[in-house]
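K.L.:
Contents of query26.txt (compact mmCIF, C-alpha atoms):
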```txt
# COMPACT_ATOMS: atom_id res chain seq x y z
CA MET A 13 0.73 -18.53 7.98
CA LYS A 14 -1.23 -17.14 10.92
CA ASN A 15 1.40 -18.16 13.47
CA LEU A 16 4.21 -16.73 11.34
CA ALA A 17 2.44 -13.39 10.99
CA CYS A 18 1.82 -13.18 14.75
CA ILE A 19 5.49 -13.86 15.49
CA LEU A 20 6.57 -11.15 13.06
CA GLY A 21 4.03 -8.71 14.50
CA THR A 22 5.32 -9.27 18.04
CA ALA A 23 8.92 -8.80 16.96
CA ILE A 24 8.41 -5.50 15.17
CA SER A 25 6.08 -4.00 17.76
CA LEU A 26 9.27 -2.95 19.53
CA THR A 27 10.15 -0.64 16.83
CA SER A 28 2.16 -1.26 4.75
CA ILE A 29 -5.55 3.23 3.16
CA VAL A 30 -6.05 2.89 4.05
CA HIS A 31 -7.74 2.25 0.70
CA ALA A 32 -8.01 -0.70 -1.55
CA ASN A 33 -4.80 -2.54 -2.37
CA CYS A 34 -4.03 0.42 -4.58
CA GLY A 35 -2.83 3.46 -2.67
CA LEU A 36 -0.03 5.97 -2.43
CA ASP A 37 2.05 3.68 -0.19
CA HIS A 38 2.52 1.48 -3.30
CA CYS A 39 4.21 4.19 -5.39
CA PRO A 40 7.73 3.12 -6.50
CA ARG A 41 10.56 5.48 -5.48
CA LEU A 42 14.27 5.85 -6.16
CA ALA A 43 16.90 7.68 -4.15
CA PRO A 44 17.90 10.91 -5.97
CA GLY A 45 20.64 10.15 -8.47
CA GLU A 46 20.38 6.40 -7.87
CA ALA A 47 20.46 4.10 -10.92
CA PRO A 48 17.64 1.56 -10.49
CA PHE A 49 18.06 -2.20 -10.77
CA HIS A 50 16.21 -3.62 -13.77
CA HIS A 51 14.22 -6.10 -11.66
CA SER A 52 13.08 -6.33 -8.06
CA VAL A 53 11.00 -8.90 -6.18
CA SER A 54 9.60 -8.44 -2.67
CA LEU A 55 7.58 -10.45 -0.16
CA GLN A 56 5.64 -8.67 2.57
CA ILE A 57 3.70 -10.28 5.41
CA LYS A 58 1.19 -8.09 7.28
CA HIS A 59 -1.16 -8.66 10.20
CA THR A 60 -4.15 -6.34 10.49
CA ALA A 61 -6.84 -6.23 13.18
CA PHE A 62 -10.19 -4.50 12.57
CA SER A 63 -13.47 -3.64 14.29
CA LEU A 64 -16.05 -2.57 11.72
CA ASP A 65 -19.82 -2.11 12.01
CA SER A 66 -20.46 -5.40 10.22
CA SER A 67 -17.94 -7.54 12.12
CA SER A 68 -14.54 -7.67 13.79
CA GLY A 69 -11.53 -9.89 13.31
CA SER A 70 -8.12 -9.90 11.68
CA TYR A 71 -6.37 -10.92 8.52
CA GLN A 72 -2.90 -11.96 7.48
CA GLU A 73 -1.70 -10.75 4.10
CA MET A 74 1.19 -12.20 2.11
CA GLN A 75 1.90 -9.75 -0.68
CA ILE A 76 4.16 -10.67 -3.59
CA ARG A 77 5.47 -7.78 -5.70
CA TYR A 78 7.50 -7.53 -8.90
CA GLU A 79 8.91 -4.35 -10.50
CA TYR A 80 10.71 -3.74 -13.79
CA ALA A 81 12.77 -0.57 -14.32
CA GLY A 82 14.75 -1.52 -17.42
CA ILE A 83 13.25 1.31 -19.52
CA HIS A 84 14.78 4.72 -18.82
CA HIS A 85 12.53 6.98 -16.69
CA TRP A 86 9.88 4.25 -16.26
CA VAL A 87 8.93 1.69 -13.60
CA PHE A 88 6.30 -1.04 -14.12
CA GLY A 89 5.08 -3.39 -11.43
CA GLY A 90 2.38 -5.53 -9.93
CA THR A 91 1.36 -7.14 -6.63
CA LEU A 92 -0.69 -10.18 -5.66
CA PRO A 93 -2.07 -10.30 -2.06
CA VAL A 94 -2.83 -13.73 -0.57
CA ILE A 95 -5.20 -13.45 2.40
CA ALA A 96 -6.12 -15.46 5.51
CA LEU A 97 -9.21 -13.71 6.95
CA THR A 98 -10.58 -14.57 10.41
CA THR A 99 -14.06 -13.42 11.49
CA GLN A 100 -16.35 -14.97 14.10
CA SER A 101 -13.75 -17.70 14.81
CA GLU A 102 -13.78 -18.81 11.17
CA THR A 103 -10.78 -18.47 8.86
CA HIS A 104 -11.11 -18.21 5.08
CA TYR A 105 -8.29 -18.22 2.54
CA GLY A 106 -8.17 -16.47 -0.82
CA ILE A 107 -6.76 -13.45 -2.63
CA SER A 108 -7.49 -9.76 -2.50
CA SER A 109 -7.60 -7.68 -5.67
CA PRO A 110 -4.19 -7.59 -7.41
CA LEU A 111 -2.54 -4.31 -8.39
CA LEU A 112 -0.84 -3.21 -11.61
CA TYR A 113 1.00 0.12 -11.86
CA SER A 114 3.37 2.21 -13.94
CA SER A 115 5.28 5.39 -13.13
CA TRP A 116 7.32 7.92 -15.10
CA TYR A 117 10.05 9.63 -13.10
CA SER A 118 12.67 12.33 -13.59
CA GLN A 119 15.07 14.40 -11.51
CA LEU A 120 13.44 17.60 -10.32
CA ASN A 121 16.85 19.00 -9.34
CA LYS A 122 20.17 17.59 -8.14
CA THR A 123 18.60 16.11 -5.00
CA GLY A 124 14.92 15.86 -5.91
CA MET A 125 12.71 13.46 -7.87
CA VAL A 126 9.25 13.78 -9.41
CA TYR A 127 6.95 10.87 -10.32
CA LEU A 128 3.73 10.69 -12.34
CA GLY A 129 1.96 7.36 -12.16
CA MET A 130 -1.18 5.31 -12.63
CA GLN A 131 -2.46 2.31 -10.66
CA LEU A 132 -5.02 -0.25 -11.82
CA GLU A 133 -6.81 -2.64 -9.47
CA PRO A 134 -8.82 -5.28 -11.40
CA PRO A 135 -11.73 -7.03 -9.60
CA PHE A 136 -10.12 -10.47 -9.25
CA GLY A 137 -10.27 -10.87 -5.46
CA ASN A 138 -12.55 -13.11 -3.42
CA ALA A 139 -15.40 -10.61 -3.02
CA ASP A 140 -17.79 -13.20 -1.53
CA GLU A 141 -15.41 -13.66 1.42
CA GLY A 142 -14.89 -9.93 2.05
CA MET A 143 -11.37 -9.91 0.59
CA GLY A 144 -11.96 -7.97 -2.63
CA THR A 145 -14.48 -6.01 -4.64
CA ASP A 146 -16.33 -6.49 -7.93
CA HIS A 147 -15.32 -3.12 -9.37
CA LEU A 148 -12.33 -1.75 -11.26
CA MET A 149 -10.25 0.92 -9.50
CA LEU A 150 -7.99 3.54 -11.13
CA VAL A 151 -5.60 5.82 -9.21
CA PRO A 152 -3.62 8.54 -11.02
CA TYR A 153 -1.07 10.24 -8.75
CA ALA A 154 1.91 12.60 -8.55
CA LEU A 155 4.80 12.33 -6.08
CA ILE A 156 7.70 14.66 -5.24
CA GLU A 157 10.68 13.75 -3.05
CA GLN A 158 13.39 16.20 -1.98
CA SER A 159 16.59 15.40 -0.10
CA PHE A 160 18.45 17.72 2.27
CA GLY A 161 21.72 15.95 2.96
CA SER A 162 20.87 12.70 4.73
CA THR A 163 17.25 13.81 5.38
CA TYR A 164 14.42 13.68 2.85
CA LEU A 165 10.80 14.78 2.58
CA LEU A 166 8.13 13.42 0.26
CA GLY A 167 4.60 14.35 -0.68
CA SER A 168 2.11 12.76 -3.04
CA LEU A 169 -1.44 13.41 -4.16
CA GLY A 170 -3.81 11.07 -5.97
CA TYR A 171 -7.43 10.32 -6.80
CA SER A 172 -9.08 6.90 -6.68
CA GLN A 173 -12.12 6.15 -8.85
CA ALA A 174 -14.07 2.90 -8.91
CA PHE A 175 -15.93 1.68 -12.01
CA ALA A 176 -18.72 -0.85 -11.53
CA LEU A 177 -18.56 -3.79 -13.94
CA HIS A 178 -21.80 -5.42 -12.81
CA HIS A 179 -25.22 -4.01 -11.95
CA HIS A 180 -26.70 -5.07 -8.60
CA ASP A 181 -30.43 -5.69 -8.62
CA GLY A 182 -31.04 -5.60 -4.89
CA GLY A 183 -29.03 -8.75 -4.29
CA GLU A 184 -26.95 -9.47 -1.22
CA GLU A 185 -23.86 -7.28 -0.87
CA HIS A 186 -20.90 -8.72 0.98
CA PRO A 187 -19.02 -6.47 3.45
CA LEU A 188 -15.41 -5.67 2.61
CA PHE A 189 -13.05 -6.47 5.49
CA VAL A 190 -9.67 -6.28 3.72
CA ASN A 191 -8.72 -2.63 3.10
CA PRO A 192 -12.24 -1.10 2.94
CA HIS A 193 -12.60 2.07 0.87
CA GLU A 194 -15.07 4.35 -0.87
CA ASP A 195 -15.74 4.47 -4.60
CA ARG A 196 -14.19 7.94 -4.96
CA GLU A 197 -11.48 9.34 -2.73
CA MET A 198 -8.87 12.08 -2.75
CA LEU A 199 -5.63 10.57 -1.44
CA PHE A 200 -2.54 12.15 0.06
CA ARG A 201 0.69 10.90 1.58
CA LEU A 202 3.36 12.86 3.47
CA GLY A 203 6.62 11.40 4.67
CA ALA A 204 9.98 12.22 6.21
CA GLY A 205 13.06 10.14 6.85
CA PHE A 206 16.81 10.05 6.94
CA ARG A 207 19.64 7.78 5.80
CA ALA A 208 22.25 6.58 8.28
CA LEU A 209 25.08 4.05 8.52
CA GLU A 210 26.29 4.79 4.98
CA ASN A 211 22.70 4.65 3.65
CA LYS A 212 22.12 1.18 5.12
CA LEU A 213 19.51 2.31 7.67
CA THR A 214 16.44 4.33 6.57
CA PRO A 215 13.83 5.18 9.25
CA GLN A 216 10.70 6.86 7.87
CA VAL A 217 7.48 8.29 9.29
CA THR A 218 4.42 8.76 7.09
CA LEU A 219 0.95 10.26 7.20
CA ASN A 220 -1.58 8.74 4.80
CA GLY A 221 -5.02 10.19 4.24
CA GLY A 222 -8.15 9.82 2.18
CA TYR A 223 -11.18 12.06 1.75
CA ALA A 224 -14.33 10.33 0.49
CA VAL A 225 -15.94 12.19 -2.42
CA VAL A 226 -19.42 10.69 -2.00
CA ASP A 227 -22.85 11.86 -0.83
CA GLU A 228 -23.56 8.87 1.39
CA LEU A 229 -20.71 7.16 3.23
CA GLU A 230 -20.33 3.39 3.32
CA ARG A 231 -18.31 1.77 6.10
CA ALA A 232 -15.88 4.69 6.40
CA GLY A 233 -15.43 8.21 7.67
CA ARG A 234 -14.26 11.35 6.00
CA PRO A 235 -11.42 12.08 6.25
CA HIS A 236 -9.45 8.91 6.97
CA ILE A 237 -5.92 9.44 8.38
CA VAL A 238 -3.27 6.82 9.18
CA GLY A 239 0.17 7.26 10.74
CA GLY A 240 2.99 4.90 9.83
CA LEU A 241 6.55 4.06 10.86
CA SER A 242 9.00 1.91 8.89
CA LEU A 243 12.65 1.00 9.36
CA GLY A 244 14.46 -0.08 6.22
CA TYR A 245 17.78 -1.88 6.61
CA ARG A 246 19.97 -2.79 3.63
CA LEU A 247 21.54 -6.17 4.38
CA LYS A 248 23.35 -6.21 1.02
CA PRO A 249 23.47 -3.77 -1.93
CA ASN A 250 20.52 -5.62 -3.47
CA LEU A 251 18.71 -6.95 -0.37
CA THR A 252 16.57 -4.85 2.03
CA LEU A 253 14.56 -5.77 5.13
CA THR A 254 11.78 -3.38 6.25
CA PRO A 255 9.53 -3.79 9.32
CA SER A 256 6.59 -1.37 9.60
CA VAL A 257 3.60 -0.45 11.74
CA GLU A 258 0.43 1.60 10.98
CA LEU A 259 -2.20 3.09 13.29
CA PRO A 260 -5.39 5.05 12.46
CA LEU A 261 -5.40 8.58 13.83
CA ASN A 262 -9.12 9.43 13.63
CA SER A 263 -12.55 7.78 13.80
CA PRO A 264 -14.44 5.96 12.47
CA LYS A 265 -11.52 3.62 11.81
CA ARG A 266 -11.13 1.23 8.88
CA PHE A 267 -8.77 -0.95 10.92
CA ASP A 268 -7.40 -1.01 14.48
CA TRP A 269 -3.69 -1.58 13.85
CA SER A 270 -1.39 -3.20 11.32
CA THR A 271 2.19 -4.50 11.37
CA GLY A 272 4.29 -5.90 8.57
CA MET A 273 7.68 -7.17 7.45
CA GLU A 274 9.00 -6.88 3.88
CA VAL A 275 12.01 -8.54 2.26
CA LYS A 276 13.06 -7.02 -1.09
CA GLY A 277 15.69 -8.23 -3.52
CA ALA A 278 16.88 -6.43 -6.66
CA PHE A 279 18.84 -7.71 -9.63
```
What does the file become when written as structure tokens?
P.N.:
Amino acid sequence: MKNLACILGTAISLTSIVHANCGLDHCPRLAPGEAPFHHSVSLQIKHTAFSLDSSSGSYQEMQIRYEYAGIHHWVFGGTLPVIALTTQSETHYGISSPLLYSSWYSQLNKTGMVYLGMQLEPPFGNADEGMGTDHLMLVPYALIEQSFGSTYLLGSLGYSQAFALHHHDGGEEHPLFVNPHEDREMLFRLGAGFRALENKLTPQVTLNGGYAVVDELERAGRPHIVGGLSLGYRLKPNLTLTPSVELPLNSPKRFDWSTGMEVKGAF
């Protein structure tokens, strides 16, 4: 898996807040006026390098996602991230916290869409290995997308809240290496893109941010801002390939850089 991720990262370097596995980059979206497929399945491989106070290293993430849009105005989905984490020349394998989400959507106007959604991240990851947490995370959010011909703009706003399920009595706490985050954060995401080659090619730039709503910070700065670039290419009407890259834009950083490749099929 490690070699495959490195090859993919090298290939797309010529061309996903971050947060926990929940985040505004996981919000489902439709093109204005587009009728959704009832089912979609995607596989994304990401390579992320990090240099945190507690350690440095990298991890490869294989994320499997499923979405169902067979109910009018609704999308339901979930993801499962499989992780290979390398720190201090040791590699550990496991899973990060999975993600469940739902979103209600409607046309705002002839070329605009509005979404209201909720994300749930249960504490089922390998917390002892630094891949997940032992708390429950909820993220309500709103998203608006507006098209202007072949160009579109999007903006979303959300709030992440962690709920502790266990009380710690001074025991050892394990550092979180995979997508570190704070217990309470205001989240935002801005994006712009355009559709070319008869809607087959969709370049997009994004700006993701989080503002920690805590008195004492843990492993992160406030605010946290990440820039991203993706290049979606529709191979077939129901098959899309999307390379992407993300870089932090301020310090302290939660990761150094991240690249990924996603293959999505709909039916």
K.L.:
Skip Leu166 (chain A) itself and residues of its chain fewer than 5 positions away, then list as a list of chain:residue names all residues within 9 Å of it, counting all atoms listed in the file.
P.N.:
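Near neighbours after the sequence-gap exclusion: A:Leu155, A:Ile156, A:Glu157, A:Gln158, A:Ser159, A:Arg201, A:Leu202, A:Gly203, A:Ala204, A:Gly205.
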K.L.:
Which is closest to Gly244 (chain A) among A:His193, A:His84, A:Lys276, A:His38, if we use only C-alpha atoms?
P.N.:
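Smallest separation from Gly244 (chain A) among the options: A:Lys276.
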K.L.:
Set out as CSV a contact list for region 101-220 of chain A and region 249-273 of chain A with a cut-off of 10 Å, giving each residue of region 101-220 of chain A that qualifies its closest atom pair and distance in Å to one decimal, counting only C-alpha atoms, ordered by chain and rising residue number.
P.N.:
```
residue,atom,partner,partner_atom,distance
A:Phe189,CA,A:Arg266,CA,8.6
A:Val190,CA,A:Phe267,CA,9.0
A:Asn191,CA,A:Arg266,CA,7.4
A:Pro192,CA,A:Arg266,CA,6.5
A:His193,CA,A:Arg266,CA,8.2
A:Lys212,CA,A:Pro249,CA,8.7
A:Leu213,CA,A:Thr252,CA,9.6
A:Thr214,CA,A:Thr254,CA,9.0
A:Pro215,CA,A:Thr254,CA,9.3
A:Gln216,CA,A:Ser256,CA,9.4
A:Val217,CA,A:Ser256,CA,9.7
A:Thr218,CA,A:Glu258,CA,9.1
A:Leu219,CA,A:Leu261,CA,9.3
A:Asn220,CA,A:Pro260,CA,9.3
```
K.L.:
Write out as an MDAnalysis selection string the residues lying within 10 Å of Thr145 (chain A), counting all atoms listed in the file and excluding same-chain residues fewer than 2 positions away.
P.N.:
chainID A and resid 32 108:109 133:143 147:149 174 176 186:188 190 192:193
K.L.:
I need the chosen residues saved as a compact mmCIF listing (two decimals), keeping the file's coordinate frame, with C-alpha atoms.
P.N.:
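Result went into out_35.txt, see below:
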```txt
# COMPACT_ATOMS: atom_id res chain seq x y z
CA ALA A 32 -8.01 -0.70 -1.55
CA SER A 108 -7.49 -9.76 -2.50
CA SER A 109 -7.60 -7.68 -5.67
CA GLU A 133 -6.81 -2.64 -9.47
CA PRO A 134 -8.82 -5.28 -11.40
CA PRO A 135 -11.73 -7.03 -9.60
CA PHE A 136 -10.12 -10.47 -9.25
CA GLY A 137 -10.27 -10.87 -5.46
CA ASN A 138 -12.55 -13.11 -3.42
CA ALA A 139 -15.40 -10.61 -3.02
CA ASP A 140 -17.79 -13.20 -1.53
CA GLU A 141 -15.41 -13.66 1.42
CA GLY A 142 -14.89 -9.93 2.05
CA MET A 143 -11.37 -9.91 0.59
CA HIS A 147 -15.32 -3.12 -9.37
CA LEU A 148 -12.33 -1.75 -11.26
CA MET A 149 -10.25 0.92 -9.50
CA ALA A 174 -14.07 2.90 -8.91
CA ALA A 176 -18.72 -0.85 -11.53
CA HIS A 186 -20.90 -8.72 0.98
CA PRO A 187 -19.02 -6.47 3.45
CA LEU A 188 -15.41 -5.67 2.61
CA VAL A 190 -9.67 -6.28 3.72
CA PRO A 192 -12.24 -1.10 2.94
CA HIS A 193 -12.60 2.07 0.87
```
K.L.:
Using all atoms listed in the file, give me every residue within 6 Å of (4.8, -2.9, -14.8) in file coordinates, as a VMD selection string.
P.N.:
chain A and resid 88 to 89 113 to 114
K.L.:
A:Ile83, A:Leu169, A:Leu111, A:Ile57: which is nearest Tyr153 (chain A), counting all atoms listed in the file?
P.N.:
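Answer, going by the shortest atom-to-atom distance: A:Leu169.
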K.L.:
In Å, rounded to a single decimal, give me how far CA of Tyr171 (chain A) is from CA of Arg196 (chain A).
P.N.:
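Rounded to one decimal, the two atoms are 7.4 Å apart.
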K.L.:
Point out the residue among A:Leu177, A:Leu36, A:Ile107, A:Val226 with the least atom-to-atom distance to Met130 (chain A), counting only C-alpha atoms.
P.N.:
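That would be A:Leu36, the residue with the smallest distance to Met130 (chain A).
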K.L.:
Taking the point (22.0, 15.3, 2.0) as given in the file, collect each protein or nucleic acid residue that comes within 12 Å of it, counting all atoms listed in the file, and present the set as a VMD selection string.
P.N.:
chain A and resid 43 to 45 122 to 124 158 to 165 205 to 208 210 to 211
